[in-house]
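Undergrad: So here's coords.txt (compact mmCIF, C-alpha atoms).
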# COMPACT_ATOMS: atom_id res chain seq x y z
CA MET A 1 10.09 57.40 92.68
CA LEU A 2 8.66 57.34 96.20
CA GLN A 3 10.48 54.08 96.86
CA ASN A 4 13.76 55.58 95.63
CA LEU A 5 13.29 58.52 97.97
CA GLY A 6 12.63 56.18 100.89
CA ARG A 7 9.14 57.58 101.37
CA MET A 8 7.32 54.27 101.00
CA LYS A 9 7.94 50.55 101.05
CA GLU A 10 7.79 48.36 98.00
CA PHE A 11 4.85 49.16 95.73
CA ASP A 12 3.40 46.56 93.36
CA VAL A 13 1.51 48.47 90.67
CA THR A 14 -0.07 45.26 89.32
CA LYS A 15 -2.16 45.01 92.49
CA TRP A 16 -3.68 48.44 91.79
CA VAL A 17 -4.02 48.56 88.02
CA ASP A 18 -6.40 46.52 85.89
CA ASP A 19 -5.42 47.13 82.29
CA SER A 20 -7.61 44.36 80.86
CA TYR A 21 -10.02 46.90 79.34
CA VAL A 22 -7.21 48.77 77.61
CA ARG A 23 -5.69 45.48 76.43
CA LYS A 24 -9.07 44.47 74.97
CA ALA A 25 -9.42 47.81 73.16
CA PHE A 26 -5.91 47.49 71.71
CA ALA A 27 -6.69 43.96 70.53
CA GLU A 28 -9.92 45.10 68.87
CA LEU A 29 -7.95 47.81 67.05
CA ASN A 30 -5.22 45.33 66.05
CA LEU A 31 -2.63 47.33 68.00
CA ASP A 32 0.25 45.91 70.03
CA TYR A 33 -0.28 46.92 73.66
CA GLU A 34 3.10 45.58 74.83
CA ILE A 35 5.00 47.70 72.31
CA GLN A 36 3.05 50.81 73.32
CA LEU A 37 3.52 50.03 77.02
CA ALA A 38 7.29 49.77 76.58
CA SER A 39 7.57 52.89 74.42
CA THR A 40 8.63 56.26 75.78
CA ALA A 41 7.99 58.03 72.46
CA ASN A 42 4.97 59.86 73.85
CA TYR A 43 6.90 60.90 76.97
CA GLU A 44 9.58 62.93 75.23
CA VAL A 45 8.86 66.53 74.32
CA LYS A 46 9.62 67.31 70.69
CA GLY A 47 8.88 69.86 68.03
CA GLU A 48 9.35 73.60 67.66
CA ASP A 49 9.24 76.08 70.53
CA LYS A 50 7.08 78.87 69.08
CA PHE A 51 7.61 81.15 72.07
CA CYS A 52 11.42 81.17 72.07
CA ASN A 53 11.56 80.42 68.32
CA GLN A 54 13.88 77.44 68.43
CA PRO A 55 13.73 73.68 67.93
CA ILE A 56 13.56 71.36 70.92
CA VAL A 57 16.90 69.57 70.90
CA GLU A 58 17.11 68.37 74.53
CA PRO A 59 13.74 66.82 75.46
CA ARG A 60 14.60 66.39 79.17
CA GLN A 61 15.24 70.12 79.49
CA ALA A 62 12.01 71.03 77.69
CA GLY A 63 8.47 71.58 78.93
CA GLU A 64 4.85 71.56 77.86
CA VAL A 65 1.81 73.73 78.45
CA TRP A 66 -1.60 72.15 77.91
CA ILE A 67 -3.97 74.92 76.82
CA ASP A 68 -7.69 74.32 77.29
CA GLY A 69 -9.34 73.76 73.91
CA GLU A 70 -6.13 74.41 71.98
CA GLY A 71 -3.90 71.42 72.66
CA ILE A 72 -0.37 70.93 73.90
CA GLU A 73 2.42 73.41 73.18
CA PRO A 74 6.06 72.29 73.55
CA PHE A 75 8.86 74.55 74.76
CA SER A 76 12.63 74.11 74.58
CA SER A 77 13.53 74.86 78.20
CA ALA A 78 12.06 75.43 81.63
CA ALA A 79 12.67 79.18 81.18
CA CYS A 80 10.76 79.24 77.89
CA THR A 81 7.98 77.10 79.38
CA LEU A 82 7.49 79.41 82.35
CA ALA A 83 7.68 82.56 80.20
CA ALA A 84 5.14 81.13 77.74
CA TYR A 85 2.90 80.06 80.61
CA SER A 86 2.94 83.60 81.98
CA SER A 87 2.27 85.09 78.55
CA LEU A 88 -0.63 82.70 77.86
CA LYS A 89 -2.21 83.46 81.25
CA ALA A 90 -1.85 87.21 80.60
CA LYS A 91 -3.77 86.70 77.33
CA GLY A 92 -6.61 85.08 79.27
CA LYS A 93 -5.89 81.51 78.16
CA LYS A 94 -7.00 78.72 80.47
CA ILE A 95 -4.10 76.40 81.24
CA ASN A 96 -4.99 72.81 82.11
CA VAL A 97 -1.47 71.86 83.18
CA ALA A 98 2.17 72.70 82.56
CA TYR A 99 5.09 70.29 82.81
CA VAL A 100 8.84 70.63 83.20
CA PHE A 101 11.46 67.93 83.82
CA ASP A 102 13.28 67.45 87.10
CA SER A 103 16.94 68.31 86.53
CA ALA A 104 18.16 65.57 88.88
CA ARG A 105 15.83 62.68 88.02
CA GLY A 106 14.54 63.40 84.51
CA ILE A 107 10.90 62.87 85.47
CA LYS A 108 8.00 65.11 84.49
CA LEU A 109 6.87 67.55 87.17
CA PHE A 110 3.88 69.81 87.42
CA ALA A 111 5.50 73.19 86.75
CA ASP A 112 3.52 74.91 89.50
CA GLN A 113 4.66 72.33 92.07
CA ALA A 114 8.39 72.29 91.23
CA TYR A 115 11.23 74.03 93.02
CA TYR A 116 13.56 76.10 90.85
CA ALA A 117 17.19 77.19 90.93
CA ILE A 118 18.46 80.07 88.79
CA GLY A 119 21.82 79.61 87.05
CA GLY A 120 24.76 81.97 87.36
CA ASP A 121 23.90 83.44 83.96
CA LYS A 122 20.52 84.55 85.43
CA ARG A 123 18.79 83.02 82.35
CA THR A 124 18.97 79.28 83.07
CA ILE A 125 16.21 77.86 85.24
CA SER A 126 16.56 74.33 86.61
CA PRO A 127 13.43 72.61 88.00
CA PHE A 128 13.52 70.08 90.82
CA LEU A 129 11.07 67.78 92.57
CA LEU A 130 12.68 68.37 95.96
CA LYS A 131 13.49 71.70 97.57
CA LYS A 132 16.76 70.27 98.91
CA ASP A 133 17.87 69.36 95.37
CA ALA A 134 17.17 72.93 94.19
CA GLU A 135 19.06 74.39 97.15
CA ASP A 136 22.01 72.03 96.62
CA TYR A 137 22.12 72.88 92.93
CA ALA A 138 21.94 76.62 93.63
CA GLU A 139 25.01 76.27 95.89
CA SER A 140 26.95 74.12 93.40
CA PRO A 141 29.66 75.34 91.03
CA ALA A 142 27.48 74.19 88.09
CA ALA A 143 24.84 76.80 88.97
CA ARG A 144 27.41 79.57 89.16
CA SER A 145 28.79 79.03 85.66
Here is a file; write its structure as structure tokens.
TA:
Amino acid sequence: MLQNLGRMKEFDVTKWVDDSYVRKAFAELNLDYEIQLASTANYEVKGEDKFCNQPIVEPRQAGEVWIDGEGIEPFSSAACTLAAYSSLKAKGKKINVAYVFDSARGIKLFADQAYYAIGGDKRTISPFLLKKDAEDYAESPAARS
């Protein structure tokens, strides 16, 4: 991502990561590390949004809240994620982290570090990694509809 944004030169992750211990553990458990490494199954948000009472049908518009001692709760949209986050905090729950997906790049973002644009319907919330992307979206015809 940082390379794509022109914020750093080429980065070779293999020079920084030693996965030999994980590979050994997978082998001992008779699991295929290469299949798991290539899989994005764990990346996609899925399930039922219990806050907004609807299924998650578009994983890259969804979000997650990781509640201390209680696990991970999925939500169907950035709006539902942020509303649930606020509700959980008001109930005294400790939040470890909350994620939403960048509307431009489809990558997971820390919800408290994202920039947001509100849609013309005043109900749609679009998260962005970059402030400029949020500002551009807010000025676009797509945000006004």
Undergrad: Just how far from CA of Ile67 in chain A is CA of Ile95 in chain A, in Å to one decimal?
TA: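 That distance, rounded to one decimal, is 4.7 Å.
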Undergrad: Hey, can you pull every residue with an atom no more than 10 Å from (22.0, 80.0, 89.9), using all atoms listed in the file, and send it as a VMD selection string?
TA: chain A and resid 116 to 126 134 to 135 137 to 145
Undergrad: Measuring between all atoms listed in the file, which one of A:Lys89, A:Asp19, A:Val65, A:Lys132 shows the shortest distance to Phe110 in chain A?
TA: A:Val65
Undergrad: Which residue gives the smallest distance to Ala114 in chain A among A:Gly69, A:Pro127, A:Gly63, A:Pro74, with only C-alpha atoms counted?
TA: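 The closest residue to Ala114 in chain A is A:Pro127.
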Undergrad: So that I can see what lies close to range 25-40 of chain A, please list as JSON, numbers by chain the residues with an atom at most 12 Å from it, counting only C-alpha atoms and leaving out residues fewer than 5 positions away in the same chain.
TA: {"A": [19, 20, 45, 59, 107]}
Undergrad: Quick one: pull the distance between CA of Trp66 in chain A and CA of Leu88 in chain A, Å, one decimal.
TA: 10.6 Å
Undergrad: Some atoms are missing, so please complete range 31-49 of chain A with N, CA, C and O atoms and return it as an mmCIF file, in the coordinates of the input.
TA:
data_model
loop_
_atom_site.group_PDB
_atom_site.id
_atom_site.type_symbol
_atom_site.label_atom_id
_atom_site.label_comp_id
_atom_site.auth_asym_id
_atom_site.auth_seq_id
_atom_site.Cartn_x
_atom_site.Cartn_y
_atom_site.Cartn_z
ATOM 1 N N LEU A 31 -3.830 46.618 67.558
ATOM 2 C CA LEU A 31 -2.630 47.330 68.000
ATOM 3 C C LEU A 31 -1.893 46.476 69.019
ATOM 4 O O LEU A 31 -2.496 45.679 69.738
ATOM 5 N N ASP A 32 -0.577 46.674 69.106
ATOM 6 C CA ASP A 32 0.250 45.910 70.030
ATOM 7 C C ASP A 32 0.408 46.680 71.344
ATOM 8 O O ASP A 32 1.175 47.644 71.422
ATOM 9 N N TYR A 33 -0.301 46.243 72.353
ATOM 10 C CA TYR A 33 -0.280 46.920 73.660
ATOM 11 C C TYR A 33 1.096 46.856 74.295
ATOM 12 O O TYR A 33 1.558 47.839 74.875
ATOM 13 N N GLU A 34 1.781 45.732 74.198
ATOM 14 C CA GLU A 34 3.100 45.580 74.830
ATOM 15 C C GLU A 34 4.122 46.548 74.243
ATOM 16 O O GLU A 34 4.923 47.117 74.986
ATOM 17 N N ILE A 35 4.079 46.743 72.942
ATOM 18 C CA ILE A 35 5.000 47.700 72.310
ATOM 19 C C ILE A 35 4.699 49.115 72.805
ATOM 20 O O ILE A 35 5.601 49.875 73.160
ATOM 21 N N GLN A 36 3.425 49.483 72.847
ATOM 22 C CA GLN A 36 3.050 50.810 73.320
ATOM 23 C C GLN A 36 3.418 50.998 74.791
ATOM 24 O O GLN A 36 3.892 52.054 75.191
ATOM 25 N N LEU A 37 3.215 49.976 75.585
ATOM 26 C CA LEU A 37 3.520 50.030 77.020
ATOM 27 C C LEU A 37 5.009 50.264 77.249
ATOM 28 O O LEU A 37 5.390 51.025 78.142
ATOM 29 N N ALA A 38 5.839 49.645 76.433
ATOM 30 C CA ALA A 38 7.290 49.770 76.580
ATOM 31 C C ALA A 38 7.843 51.063 75.980
ATOM 32 O O ALA A 38 8.949 51.480 76.308
ATOM 33 N N SER A 39 7.090 51.709 75.134
ATOM 34 C CA SER A 39 7.570 52.890 74.420
ATOM 35 C C SER A 39 7.562 54.133 75.302
ATOM 36 O O SER A 39 6.659 54.341 76.106
ATOM 37 N N THR A 40 8.583 54.953 75.119
ATOM 38 C CA THR A 40 8.630 56.260 75.780
ATOM 39 C C THR A 40 8.462 57.387 74.764
ATOM 40 O O THR A 40 8.666 58.550 75.086
ATOM 41 N N ALA A 41 8.094 57.035 73.537
ATOM 42 C CA ALA A 41 7.990 58.030 72.460
ATOM 43 C C ALA A 41 7.026 59.158 72.820
ATOM 44 O O ALA A 41 7.262 60.311 72.490
ATOM 45 N N ASN A 42 5.954 58.847 73.485
ATOM 46 C CA ASN A 42 4.970 59.860 73.850
ATOM 47 C C ASN A 42 5.406 60.680 75.067
ATOM 48 O O ASN A 42 4.822 61.705 75.373
ATOM 49 N N TYR A 43 6.429 60.232 75.763
ATOM 50 C CA TYR A 43 6.900 60.900 76.970
ATOM 51 C C TYR A 43 7.829 62.064 76.648
ATOM 52 O O TYR A 43 7.851 63.064 77.348
ATOM 53 N N GLU A 44 8.602 61.905 75.589
ATOM 54 C CA GLU A 44 9.580 62.930 75.230
ATOM 55 C C GLU A 44 8.912 64.131 74.563
ATOM 56 O O GLU A 44 8.043 63.971 73.718
ATOM 57 N N VAL A 45 9.353 65.303 74.936
ATOM 58 C CA VAL A 45 8.860 66.530 74.320
ATOM 59 C C VAL A 45 9.652 66.765 73.038
ATOM 60 O O VAL A 45 10.875 66.647 73.020
ATOM 61 N N LYS A 46 8.948 67.069 71.966
ATOM 62 C CA LYS A 46 9.620 67.310 70.690
ATOM 63 C C LYS A 46 8.858 68.367 69.904
ATOM 64 O O LYS A 46 7.731 68.708 70.237
ATOM 65 N N GLY A 47 9.521 68.879 68.887
ATOM 66 C CA GLY A 47 8.880 69.860 68.030
ATOM 67 C C GLY A 47 9.593 71.199 68.043
ATOM 68 O O GLY A 47 10.777 71.288 68.325
ATOM 69 N N GLU A 48 8.834 72.230 67.760
ATOM 70 C CA GLU A 48 9.350 73.600 67.660
ATOM 71 C C GLU A 48 8.774 74.444 68.779
ATOM 72 O O GLU A 48 7.563 74.450 69.011
ATOM 73 N N ASP A 49 9.642 75.143 69.484
ATOM 74 C CA ASP A 49 9.240 76.080 70.530
ATOM 75 C C ASP A 49 8.857 77.388 69.841
ATOM 76 O O ASP A 49 9.720 78.120 69.360
#
